[in-house]
$ cat structure11.pdb   # PDB, C-alpha atoms
ATOM      1  CA  MET F   1      -7.835  20.163   2.877
ATOM      2  CA  ILE F   2      -9.283  21.681  -0.232
ATOM      3  CA  ILE F   3     -12.695  23.292  -0.440
ATOM      4  CA  THR F   4     -14.656  24.222  -3.518
ATOM      5  CA  GLY F   5     -18.200  25.074  -4.557
ATOM      6  CA  ASP F   6     -20.401  27.837  -5.868
ATOM      7  CA  ASP F   7     -21.696  28.960  -2.480
ATOM      8  CA  ILE F   8     -19.113  31.595  -1.613
ATOM      9  CA  ASP F   9     -20.913  32.684   1.558
ATOM     10  CA  GLY F  10     -21.247  29.065   2.641
ATOM     11  CA  ILE F  11     -17.532  28.490   2.160
ATOM     12  CA  SER F  12     -16.696  31.534   4.226
ATOM     13  CA  VAL F  13     -19.026  30.322   7.018
ATOM     14  CA  LEU F  14     -17.357  26.918   6.852
ATOM     15  CA  LYS F  15     -13.915  28.493   7.152
ATOM     16  CA  THR F  16     -15.040  30.551  10.157
ATOM     17  CA  GLU F  17     -16.603  27.535  11.852
ATOM     18  CA  LEU F  18     -13.493  25.408  11.304
ATOM     19  CA  ALA F  19     -11.301  28.171  12.703
ATOM     20  CA  ARG F  20     -13.471  28.293  15.825
ATOM     21  CA  ARG F  21     -12.760  24.646  16.545
ATOM     22  CA  PHE F  22      -9.273  24.093  15.207
ATOM     23  CA  GLU F  23      -6.212  26.199  14.722
ATOM     24  CA  MET F  24      -6.337  26.772  10.989
ATOM     25  CA  LYS F  25      -3.930  28.102   8.421
ATOM     26  CA  ASP F  26      -5.563  29.651   5.364
ATOM     27  CA  LEU F  27      -3.373  28.897   2.370
ATOM     28  CA  GLY F  28      -5.526  30.899  -0.019
ATOM     29  CA  TYR F  29      -6.458  29.812  -3.512
ATOM     30  CA  LEU F  30      -5.018  26.634  -4.910
TER      31      LEU F  30
ATOM     32  CA  MET U   1       1.122  13.512  36.206
ATOM     33  CA  VAL U   2       0.020  10.355  37.955
ATOM     34  CA  PRO U   3       1.776   7.394  39.584
ATOM     35  CA  LEU U   4       1.946   4.548  37.076
ATOM     36  CA  PRO U   5      -0.831   2.046  37.830
ATOM     37  CA  PRO U   6       0.402  -1.529  38.190
ATOM     38  CA  GLY U   7       0.427  -3.576  34.999
ATOM     39  CA  LYS U   8       0.355  -0.555  32.668
ATOM     40  CA  SER U   9       3.086   0.099  30.142
ATOM     41  CA  VAL U  10       4.796   3.406  29.545
ATOM     42  CA  VAL U  11       5.452   4.846  26.140
ATOM     43  CA  GLY U  12       8.618   6.889  25.739
ATOM     44  CA  CYS U  13       8.861  10.257  24.063
ATOM     45  CA  HIS U  14      11.438  12.600  22.697
ATOM     46  CA  TRP U  15      11.794  16.086  21.340
ATOM     47  CA  VAL U  16      12.228  16.575  17.630
ATOM     48  CA  TYR U  17      13.909  19.816  16.681
ATOM     49  CA  LYS U  18      13.773  21.178  13.198
ATOM     50  CA  ILE U  19      14.961  24.406  11.644
ATOM     51  CA  LYS U  20      12.512  25.708   9.068
ATOM     52  CA  THR U  21      14.123  27.792   6.372
ATOM     53  CA  ASN U  22      12.767  30.255   3.850
ATOM     54  CA  SER U  23      13.230  29.504   0.163
ATOM     55  CA  ASN U  24      16.394  31.603   0.146
ATOM     56  CA  GLY U  25      17.911  29.504   2.904
ATOM     57  CA  SER U  26      17.535  32.033   5.718
ATOM     58  CA  ILE U  27      16.164  30.746   9.010
ATOM     59  CA  LYS U  28      12.421  31.140   9.402
ATOM     60  CA  ARG U  29      11.810  29.516  12.746
ATOM     61  CA  TYR U  30      12.965  26.874  15.154
ATOM     62  CA  LYS U  31      10.436  24.149  15.614
ATOM     63  CA  ALA U  32      10.153  21.740  18.517
ATOM     64  CA  ARG U  33       7.686  18.907  18.621
ATOM     65  CA  LEU U  34       7.220  16.336  21.340
ATOM     66  CA  VAL U  35       6.646  12.936  19.795
ATOM     67  CA  ALA U  36       5.646   9.677  21.430
ATOM     68  CA  LYS U  37       7.556   6.503  20.690
ATOM     69  CA  GLY U  38       4.514   4.705  19.353
ATOM     70  CA  TYR U  39       6.569   1.751  18.147
ATOM     71  CA  SER U  40       6.635   0.436  21.713
ATOM     72  CA  GLN U  41       2.825   0.437  21.984
ATOM     73  CA  GLN U  42       1.229  -2.974  22.035
ATOM     74  CA  HIS U  43      -1.885  -3.810  20.068
ATOM     75  CA  GLY U  44      -4.834  -4.592  22.335
ATOM     76  CA  MET U  45      -3.107  -3.011  25.328
ATOM     77  CA  ASP U  46      -2.281   0.553  24.353
ATOM     78  CA  TYR U  47      -4.290   0.881  21.163
ATOM     79  CA  GLU U  48      -6.997  -0.890  19.205
ATOM     80  CA  GLU U  49      -7.896   0.401  15.749
ATOM     81  CA  THR U  50      -5.439   2.465  13.748
ATOM     82  CA  PHE U  51      -7.021   2.820  10.319
ATOM     83  CA  ALA U  52      -7.614   6.373   9.153
ATOM     84  CA  PRO U  53      -8.842   7.367   5.704
ATOM     85  CA  VAL U  54      -6.851   9.633   3.408
ATOM     86  CA  ALA U  55      -8.188  11.190   0.217
ATOM     87  CA  LYS U  56      -7.731   9.169  -2.948
ATOM     88  CA  MET U  57      -5.673  10.938  -5.562
ATOM     89  CA  THR U  58      -8.441  10.418  -8.131
ATOM     90  CA  THR U  59     -10.921  12.215  -5.844
ATOM     91  CA  ILE U  60      -8.649  15.230  -5.593
ATOM     92  CA  CYS U  61      -8.057  15.261  -9.363
ATOM     93  CA  THR U  62     -11.778  14.969 -10.110
ATOM     94  CA  LEU U  63     -12.615  17.753  -7.670
ATOM     95  CA  ILE U  64     -10.066  20.022  -9.338
ATOM     96  CA  VAL U  65     -11.420  19.202 -12.807
ATOM     97  CA  VAL U  66     -15.045  19.868 -11.825
ATOM     98  CA  ALA U  67     -14.091  23.082 -10.029
ATOM     99  CA  SER U  68     -12.125  24.370 -12.996
ATOM    100  CA  ILE U  69     -14.873  23.564 -15.525
ATOM    101  CA  ARG U  70     -17.447  25.330 -13.362
ATOM    102  CA  GLN U  71     -14.989  28.113 -12.616
ATOM    103  CA  TRP U  72     -15.150  27.726  -8.864
ATOM    104  CA  HIS U  73     -12.392  28.913  -6.620
ATOM    105  CA  ILE U  74     -10.482  26.202  -4.814
ATOM    106  CA  TYR U  75      -9.457  27.126  -1.324
ATOM    107  CA  GLN U  76      -6.692  25.355   0.469
ATOM    108  CA  LEU U  77      -6.596  25.149   4.236
ATOM    109  CA  ASP U  78      -4.415  23.429   6.744
ATOM    110  CA  VAL U  79      -5.137  22.431  10.332
ATOM    111  CA  LYS U  80      -2.117  23.266  12.454
ATOM    112  CA  ASN U  81      -0.810  20.377  14.529
ATOM    113  CA  ALA U  82      -3.836  18.359  13.456
ATOM    114  CA  PHE U  83      -3.003  15.196  15.396
ATOM    115  CA  LEU U  84      -2.828  17.063  18.696
ATOM    116  CA  ASN U  85      -6.590  17.652  18.464
ATOM    117  CA  GLY U  86      -7.530  14.002  18.891
ATOM    118  CA  ASP U  87      -9.186  12.955  22.149
ATOM    119  CA  LEU U  88      -7.631   9.772  23.407
ATOM    120  CA  GLN U  89     -10.001   6.954  24.341
ATOM    121  CA  GLU U  90      -7.470   4.453  25.602
ATOM    122  CA  GLU U  91      -5.427   4.919  28.744
ATOM    123  CA  VAL U  92      -1.943   5.835  27.581
ATOM    124  CA  TYR U  93       0.861   6.611  29.975
ATOM    125  CA  MET U  94       3.947   8.381  28.753
ATOM    126  CA  ALA U  95       7.331   8.947  30.331
ATOM    127  CA  PRO U  96       7.732  12.598  31.326
ATOM    128  CA  PRO U  97       9.353  14.635  28.523
ATOM    129  CA  PRO U  98      13.120  15.107  28.840
ATOM    130  CA  GLY U  99      13.843  18.315  30.711
ATOM    131  CA  ILE U 100      10.646  18.316  32.773
ATOM    132  CA  SER U 101      11.212  17.835  36.495
ATOM    133  CA  HIS U 102       8.979  15.240  38.108
ATOM    134  CA  ASP U 103       8.723  12.931  41.100
ATOM    135  CA  SER U 104      10.110   9.478  40.527
ATOM    136  CA  GLY U 105       7.498   6.881  39.627
ATOM    137  CA  TYR U 106       5.225   9.511  38.085
ATOM    138  CA  VAL U 107       4.209   9.430  34.444
ATOM    139  CA  CYS U 108       2.029  11.543  32.153
ATOM    140  CA  LYS U 109      -1.486  10.286  31.573
ATOM    141  CA  LEU U 110      -2.340  11.488  28.087
ATOM    142  CA  LYS U 111      -5.675  13.118  27.335
ATOM    143  CA  LYS U 112      -4.926  14.076  23.739
ATOM    144  CA  THR U 113      -2.975  12.247  21.097
ATOM    145  CA  LEU U 114       0.607  13.087  20.284
ATOM    146  CA  TYR U 115       2.414  12.618  17.000
ATOM    147  CA  GLY U 116       3.876   9.150  16.946
ATOM    148  CA  LEU U 117       1.068   7.375  18.773
ATOM    149  CA  LYS U 118      -0.422   4.516  16.791
ATOM    150  CA  GLN U 119      -3.950   5.831  17.180
ATOM    151  CA  ALA U 120      -3.136   9.480  16.381
ATOM    152  CA  PRO U 121      -4.362   9.616  12.741
ATOM    153  CA  ARG U 122      -7.557   7.720  13.503
ATOM    154  CA  THR U 123      -8.373   9.752  16.592
ATOM    155  CA  TRP U 124      -7.828  12.969  14.695
ATOM    156  CA  PHE U 125     -10.135  11.880  11.902
ATOM    157  CA  GLU U 126     -12.830  10.886  14.412
ATOM    158  CA  LYS U 127     -12.649  14.328  15.991
ATOM    159  CA  PHE U 128     -12.671  16.075  12.621
ATOM    160  CA  PHE U 129     -15.591  13.983  11.425
ATOM    161  CA  ILE U 130     -17.697  14.888  14.483
ATOM    162  CA  VAL U 131     -17.085  18.581  13.857
ATOM    163  CA  ILE U 132     -17.697  18.441  10.122
ATOM    164  CA  SER U 133     -20.853  16.356  10.542
ATOM    165  CA  SER U 134     -22.191  18.957  12.958
ATOM    166  CA  LEU U 135     -21.717  21.494  10.153
ATOM    167  CA  GLY U 136     -23.942  19.445   7.867
ATOM    168  CA  PHE U 137     -21.390  17.517   5.850
ATOM    169  CA  VAL U 138     -21.660  13.878   4.855
ATOM    170  CA  SER U 139     -19.068  11.505   3.425
ATOM    171  CA  SER U 140     -19.239  10.419  -0.171
ATOM    172  CA  SER U 141     -19.797   6.681  -0.516
ATOM    173  CA  HIS U 142     -16.799   6.544  -2.859
ATOM    174  CA  ASP U 143     -14.305   8.247  -0.605
ATOM    175  CA  SER U 144     -15.014   8.871   3.065
ATOM    176  CA  VAL U 145     -12.873  11.998   3.187
ATOM    177  CA  PHE U 146     -14.698  13.540   0.247
ATOM    178  CA  LEU U 147     -17.293  15.497   2.189
ATOM    179  CA  LEU U 148     -20.371  17.070   0.722
ATOM    180  CA  SER U 149     -22.528  19.727   2.273
ATOM    181  CA  THR U 150     -26.174  18.937   2.803
ATOM    182  CA  LEU U 151     -27.020  22.501   3.759
ATOM    183  CA  MET U 152     -25.270  24.629   1.214
ATOM    184  CA  GLN U 153     -25.821  24.638  -2.486
ATOM    185  CA  VAL U 154     -22.715  23.026  -3.802
ATOM    186  CA  VAL U 155     -19.836  22.845  -1.453
ATOM    187  CA  SER U 156     -17.572  19.918  -1.186
ATOM    188  CA  PHE U 157     -14.166  19.335   0.069
ATOM    189  CA  CYS U 158     -11.662  16.709   0.757
ATOM    190  CA  LEU U 159      -9.095  16.068   3.346
ATOM    191  CA  TYR U 160      -5.625  14.812   2.844
ATOM    192  CA  MET U 161      -2.515  14.499   4.859
ATOM    193  CA  LEU U 162       0.651  16.339   4.302
ATOM    194  CA  MET U 163       3.453  15.586   6.657
ATOM    195  CA  THR U 164       6.376  17.968   6.751
TER     196      THR U 164
END

$ encode --input "structure11.pdb" --output "structure tokens"
Amino acid sequence: MIITGDDIDGISVLKTELARRFEMKDLGYL
Amino acid sequence: MVPLPPGKSVVGCHWVYKIKTNSNGSIKRYKARLVAKGYSQQHGMDYEETFAPVAKMTTICTLIVVASIRQWHIYQLDVKNAFLNGDLQEEVYMAPPPGISHDSGYVCKLKKTLYGLKQAPRTWFEKFFIVISSLGFVSSSHDSVFLLSTLMQVVSFCLYMLMT
């Protein structure tokens, strides 16, 4: 999946929440 | 492991082994994945709906264009073994995996989807959609896997499949 937006804090919360529910791999910046 | 109920069909399975290599050709890791032989599943018996949405290429392109004009970072994430997260609704019985000792007449009653099952992509998307909705995201009317946040200022993302 790709994520973008101007809410940097929001994106980091989203990443944390996703990682709580699924096993995620952070591929960094596209 | 349960005895197979009368009148139910059994889906086979097998192990898929793959050697992942680094770009220089050296061995990175040995991968084993148990896959179900979904081609033997019968519609109406072992599965119902199979449709699952995948991001349209134009959505991804547009998202990249908008992000670059507004100078947003684009983050890329992957869900490991995504299809294994799906909660199976139908009753699916699978032959015990090769190499696992078991009593004769016993089969595996699946709780989660496995790669290869007809309903795996759909079930995964259902699960993902429940989670992402609970985080305040809604689907775009143009592309159901283009998800927009209702809580945050401007956050959007889209989901696509990459099979390796």

$ atom_distance --input "structure11.pdb" --atom1 "atom CA of U:Glu49" --atom2 "atom CA of U:Arg122"
7.7 Å

$ interface_residues --input "structure11.pdb" --of "chain F" --to "chain U" --cutoff "6 Å" --atoms "only C-alpha atoms" --output "ChimeraX atom specification"
/F:1-7,23-30

$ resolve_selection --input "structure11.pdb" --expression "the PyMOL selection byres ((chain U and resi 14) around 7)" --output "list of chain:residue names"
U:Cys13, U:Trp15, U:Val16, U:Leu34, U:Val35, U:Ala36, U:Pro97, U:Pro98

$ write_last_selection --input "structure11.pdb" --atoms "C-alpha atoms" --output "PDB file, in the frame of the given file"
ATOM      1  CA  CYS U  13       8.861  10.257  24.063  1.00  0.00           C
ATOM      2  CA  TRP U  15      11.794  16.086  21.340  1.00  0.00           C
ATOM      3  CA  VAL U  16      12.228  16.575  17.630  1.00  0.00           C
ATOM      4  CA  LEU U  34       7.220  16.336  21.340  1.00  0.00           C
ATOM      5  CA  VAL U  35       6.646  12.936  19.795  1.00  0.00           C
ATOM      6  CA  ALA U  36       5.646   9.677  21.430  1.00  0.00           C
ATOM      7  CA  PRO U  97       9.353  14.635  28.523  1.00  0.00           C
ATOM      8  CA  PRO U  98      13.120  15.107  28.840  1.00  0.00           C
TER       9      PRO U  98
END

$ atom_distance --input "structure11.pdb" --atom1 "atom CA of F:Gly10" --atom2 "atom CA of U:Ala52"
27.3 Å

$ atom_distance --input "structure11.pdb" --atom1 "atom CA of U:Arg33" --atom2 "atom CA of U:Leu84"
10.7 Å

$ closest_residue --input "structure11.pdb" --among "U:Thr59, U:Ser144, U:Phe137, U:Ile130" --to "F:Leu14" --atoms "all atoms listed in the file"
U:Phe137

$ residues_near_point --input "structure11.pdb" --point "(12.0, 30.4, 12.6)" --cutoff "7 Å" --atoms "all atoms listed in the file" --output "PDB file with C-alpha atoms, in the coordinates of the input"
ATOM      1  CA  ILE U  19      14.961  24.406  11.644  1.00  0.00           C
ATOM      2  CA  LYS U  20      12.512  25.708   9.068  1.00  0.00           C
ATOM      3  CA  ILE U  27      16.164  30.746   9.010  1.00  0.00           C
ATOM      4  CA  LYS U  28      12.421  31.140   9.402  1.00  0.00           C
ATOM      5  CA  ARG U  29      11.810  29.516  12.746  1.00  0.00           C
ATOM      6  CA  TYR U  30      12.965  26.874  15.154  1.00  0.00           C
TER       7      TYR U  30
END

$ resolve_selection --input "structure11.pdb" --expression "the PyMOL selection byres ((chain U and resi 93) around 10)" --output "list in words"
Met1, Val2, Pro3, Leu4, Pro5, Lys8, Ser9, Val10, Val11, Gly12, Asp46, Glu90, Glu91, Val92, Met94, Ala95, Pro96, Tyr106, Val107, Cys108, Lys109, Leu110 and Lys111 of chain U

$ closest_residue --input "structure11.pdb" --among "U:Thr58, U:Gln89, U:Ser141, U:Asn22" --to "U:Lys112" --atoms "all atoms listed in the file"
U:Gln89

$ axis_aligned_box --input "structure11.pdb" --around "stretch 109-125 of chain U" --padding-each-side "8 Å" --output "AutoDock Vina command-line options"
--center_x -3.1 --center_y 9.3 --center_z 21.7 --size_x 30.0 --size_y 25.6 --size_z 35.7

$ decode --input "structure11.pdb" --residues "stretch 22-48 of chain U" --atoms "N, CA, C and O atoms" --output "PDB file, in the first residue's frame"
ATOM      1  N   ASN U  22      19.588 -12.485  -2.765  1.00  0.00           N
ATOM      2  CA  ASN U  22      19.923 -11.067  -2.795  1.00  0.00           C
ATOM      3  C   ASN U  22      20.235 -10.667  -4.229  1.00  0.00           C
ATOM      4  O   ASN U  22      20.378 -11.528  -5.100  1.00  0.00           O
ATOM      5  N   SER U  23      20.366  -9.368  -4.468  1.00  0.00           N
ATOM      6  CA  SER U  23      20.606  -8.919  -5.844  1.00  0.00           C
ATOM      7  C   SER U  23      21.922  -9.455  -6.407  1.00  0.00           C
ATOM      8  O   SER U  23      22.078  -9.578  -7.622  1.00  0.00           O
ATOM      9  N   ASN U  24      22.857  -9.806  -5.534  1.00  0.00           N
ATOM     10  CA  ASN U  24      24.119 -10.348  -6.048  1.00  0.00           C
ATOM     11  C   ASN U  24      24.066 -11.859  -6.227  1.00  0.00           C
ATOM     12  O   ASN U  24      25.073 -12.492  -6.537  1.00  0.00           O
ATOM     13  N   GLY U  25      22.924 -12.449  -6.004  1.00  0.00           N
ATOM     14  CA  GLY U  25      22.770 -13.877  -6.247  1.00  0.00           C
ATOM     15  C   GLY U  25      22.996 -14.747  -5.019  1.00  0.00           C
ATOM     16  O   GLY U  25      22.721 -15.943  -5.056  1.00  0.00           O
ATOM     17  N   SER U  26      23.484 -14.163  -3.928  1.00  0.00           N
ATOM     18  CA  SER U  26      23.692 -14.962  -2.722  1.00  0.00           C
ATOM     19  C   SER U  26      22.348 -15.279  -2.064  1.00  0.00           C
ATOM     20  O   SER U  26      21.375 -14.555  -2.248  1.00  0.00           O
ATOM     21  N   ILE U  27      22.315 -16.360  -1.317  1.00  0.00           N
ATOM     22  CA  ILE U  27      21.035 -16.808  -0.745  1.00  0.00           C
ATOM     23  C   ILE U  27      20.649 -15.958   0.461  1.00  0.00           C
ATOM     24  O   ILE U  27      21.440 -15.735   1.373  1.00  0.00           O
ATOM     25  N   LYS U  28      19.424 -15.435   0.409  1.00  0.00           N
ATOM     26  CA  LYS U  28      18.927 -14.592   1.483  1.00  0.00           C
ATOM     27  C   LYS U  28      18.182 -15.442   2.505  1.00  0.00           C
ATOM     28  O   LYS U  28      18.466 -15.432   3.677  1.00  0.00           O
ATOM     29  N   ARG U  29      17.195 -16.161   2.020  1.00  0.00           N
ATOM     30  CA  ARG U  29      16.473 -17.054   2.936  1.00  0.00           C
ATOM     31  C   ARG U  29      15.722 -18.122   2.176  1.00  0.00           C
ATOM     32  O   ARG U  29      15.457 -18.002   0.975  1.00  0.00           O
ATOM     33  N   TYR U  30      15.393 -19.167   2.910  1.00  0.00           N
ATOM     34  CA  TYR U  30      14.589 -20.249   2.349  1.00  0.00           C
ATOM     35  C   TYR U  30      13.162 -20.030   2.793  1.00  0.00           C
ATOM     36  O   TYR U  30      12.899 -19.825   3.968  1.00  0.00           O
ATOM     37  N   LYS U  31      12.259 -20.043   1.848  1.00  0.00           N
ATOM     38  CA  LYS U  31      10.885 -19.717   2.162  1.00  0.00           C
ATOM     39  C   LYS U  31      10.007 -20.946   1.934  1.00  0.00           C
ATOM     40  O   LYS U  31      10.154 -21.643   0.932  1.00  0.00           O
ATOM     41  N   ALA U  32       9.114 -21.197   2.871  1.00  0.00           N
ATOM     42  CA  ALA U  32       8.162 -22.287   2.703  1.00  0.00           C
ATOM     43  C   ALA U  32       6.764 -21.738   2.914  1.00  0.00           C
ATOM     44  O   ALA U  32       6.534 -20.991   3.867  1.00  0.00           O
ATOM     45  N   ARG U  33       5.882 -22.045   2.029  1.00  0.00           N
ATOM     46  CA  ARG U  33       4.509 -21.568   2.193  1.00  0.00           C
ATOM     47  C   ARG U  33       3.557 -22.723   1.889  1.00  0.00           C
ATOM     48  O   ARG U  33       3.706 -23.418   0.894  1.00  0.00           O
ATOM     49  N   LEU U  34       2.606 -22.893   2.816  1.00  0.00           N
ATOM     50  CA  LEU U  34       1.600 -23.935   2.600  1.00  0.00           C
ATOM     51  C   LEU U  34       0.465 -23.335   1.777  1.00  0.00           C
ATOM     52  O   LEU U  34      -0.129 -22.337   2.166  1.00  0.00           O
ATOM     53  N   VAL U  35       0.197 -23.921   0.637  1.00  0.00           N
ATOM     54  CA  VAL U  35      -0.884 -23.395  -0.195  1.00  0.00           C
ATOM     55  C   VAL U  35      -1.983 -24.442  -0.367  1.00  0.00           C
ATOM     56  O   VAL U  35      -1.726 -25.644  -0.382  1.00  0.00           O
ATOM     57  N   ALA U  36      -3.208 -23.947  -0.454  1.00  0.00           N
ATOM     58  CA  ALA U  36      -4.350 -24.830  -0.657  1.00  0.00           C
ATOM     59  C   ALA U  36      -4.590 -24.981  -2.145  1.00  0.00           C
ATOM     60  O   ALA U  36      -4.342 -24.067  -2.928  1.00  0.00           O
ATOM     61  N   LYS U  37      -5.052 -26.155  -2.533  1.00  0.00           N
ATOM     62  CA  LYS U  37      -5.349 -26.393  -3.948  1.00  0.00           C
ATOM     63  C   LYS U  37      -6.767 -25.929  -4.234  1.00  0.00           C
ATOM     64  O   LYS U  37      -7.704 -26.716  -4.342  1.00  0.00           O
ATOM     65  N   GLY U  38      -6.895 -24.604  -4.347  1.00  0.00           N
ATOM     66  CA  GLY U  38      -8.209 -23.986  -4.492  1.00  0.00           C
ATOM     67  C   GLY U  38      -8.937 -24.377  -5.757  1.00  0.00           C
ATOM     68  O   GLY U  38     -10.151 -24.228  -5.846  1.00  0.00           O
ATOM     69  N   TYR U  39      -8.187 -24.906  -6.744  1.00  0.00           N
ATOM     70  CA  TYR U  39      -8.835 -25.245  -8.017  1.00  0.00           C
ATOM     71  C   TYR U  39      -9.827 -26.392  -7.861  1.00  0.00           C
ATOM     72  O   TYR U  39     -10.676 -26.597  -8.714  1.00  0.00           O
ATOM     73  N   SER U  40      -9.737 -27.123  -6.741  1.00  0.00           N
ATOM     74  CA  SER U  40     -10.700 -28.213  -6.547  1.00  0.00           C
ATOM     75  C   SER U  40     -11.936 -27.761  -5.766  1.00  0.00           C
ATOM     76  O   SER U  40     -12.854 -28.534  -5.546  1.00  0.00           O
ATOM     77  N   GLN U  41     -11.945 -26.487  -5.339  1.00  0.00           N
ATOM     78  CA  GLN U  41     -13.111 -25.976  -4.605  1.00  0.00           C
ATOM     79  C   GLN U  41     -14.277 -25.778  -5.560  1.00  0.00           C
ATOM     80  O   GLN U  41     -14.090 -25.354  -6.703  1.00  0.00           O
ATOM     81  N   GLN U  42     -15.466 -26.066  -5.053  1.00  0.00           N
ATOM     82  CA  GLN U  42     -16.646 -25.934  -5.903  1.00  0.00           C
ATOM     83  C   GLN U  42     -17.461 -24.717  -5.493  1.00  0.00           C
ATOM     84  O   GLN U  42     -17.720 -24.512  -4.316  1.00  0.00           O
ATOM     85  N   HIS U  43     -17.878 -23.958  -6.501  1.00  0.00           N
ATOM     86  CA  HIS U  43     -18.671 -22.763  -6.236  1.00  0.00           C
ATOM     87  C   HIS U  43     -20.000 -23.158  -5.601  1.00  0.00           C
ATOM     88  O   HIS U  43     -20.633 -24.124  -6.025  1.00  0.00           O
ATOM     89  N   GLY U  44     -20.396 -22.431  -4.559  1.00  0.00           N
ATOM     90  CA  GLY U  44     -21.654 -22.725  -3.882  1.00  0.00           C
ATOM     91  C   GLY U  44     -21.502 -23.727  -2.752  1.00  0.00           C
ATOM     92  O   GLY U  44     -22.298 -23.754  -1.831  1.00  0.00           O
ATOM     93  N   MET U  45     -20.456 -24.537  -2.824  1.00  0.00           N
ATOM     94  CA  MET U  45     -20.193 -25.543  -1.791  1.00  0.00           C
ATOM     95  C   MET U  45     -19.102 -25.030  -0.857  1.00  0.00           C
ATOM     96  O   MET U  45     -19.283 -24.918   0.352  1.00  0.00           O
ATOM     97  N   ASP U  46     -17.950 -24.744  -1.437  1.00  0.00           N
ATOM     98  CA  ASP U  46     -16.778 -24.387  -0.638  1.00  0.00           C
ATOM     99  C   ASP U  46     -16.516 -22.885  -0.627  1.00  0.00           C
ATOM    100  O   ASP U  46     -15.731 -22.402   0.161  1.00  0.00           O
ATOM    101  N   TYR U  47     -17.127 -22.171  -1.543  1.00  0.00           N
ATOM    102  CA  TYR U  47     -16.938 -20.722  -1.565  1.00  0.00           C
ATOM    103  C   TYR U  47     -18.109 -20.074  -2.273  1.00  0.00           C
ATOM    104  O   TYR U  47     -18.815 -20.729  -3.038  1.00  0.00           O
ATOM    105  N   GLU U  48     -18.329 -18.805  -1.985  1.00  0.00           N
ATOM    106  CA  GLU U  48     -19.412 -18.075  -2.648  1.00  0.00           C
ATOM    107  C   GLU U  48     -18.817 -16.965  -3.513  1.00  0.00           C
ATOM    108  O   GLU U  48     -18.490 -17.175  -4.651  1.00  0.00           O
TER     109      GLU U  48
END
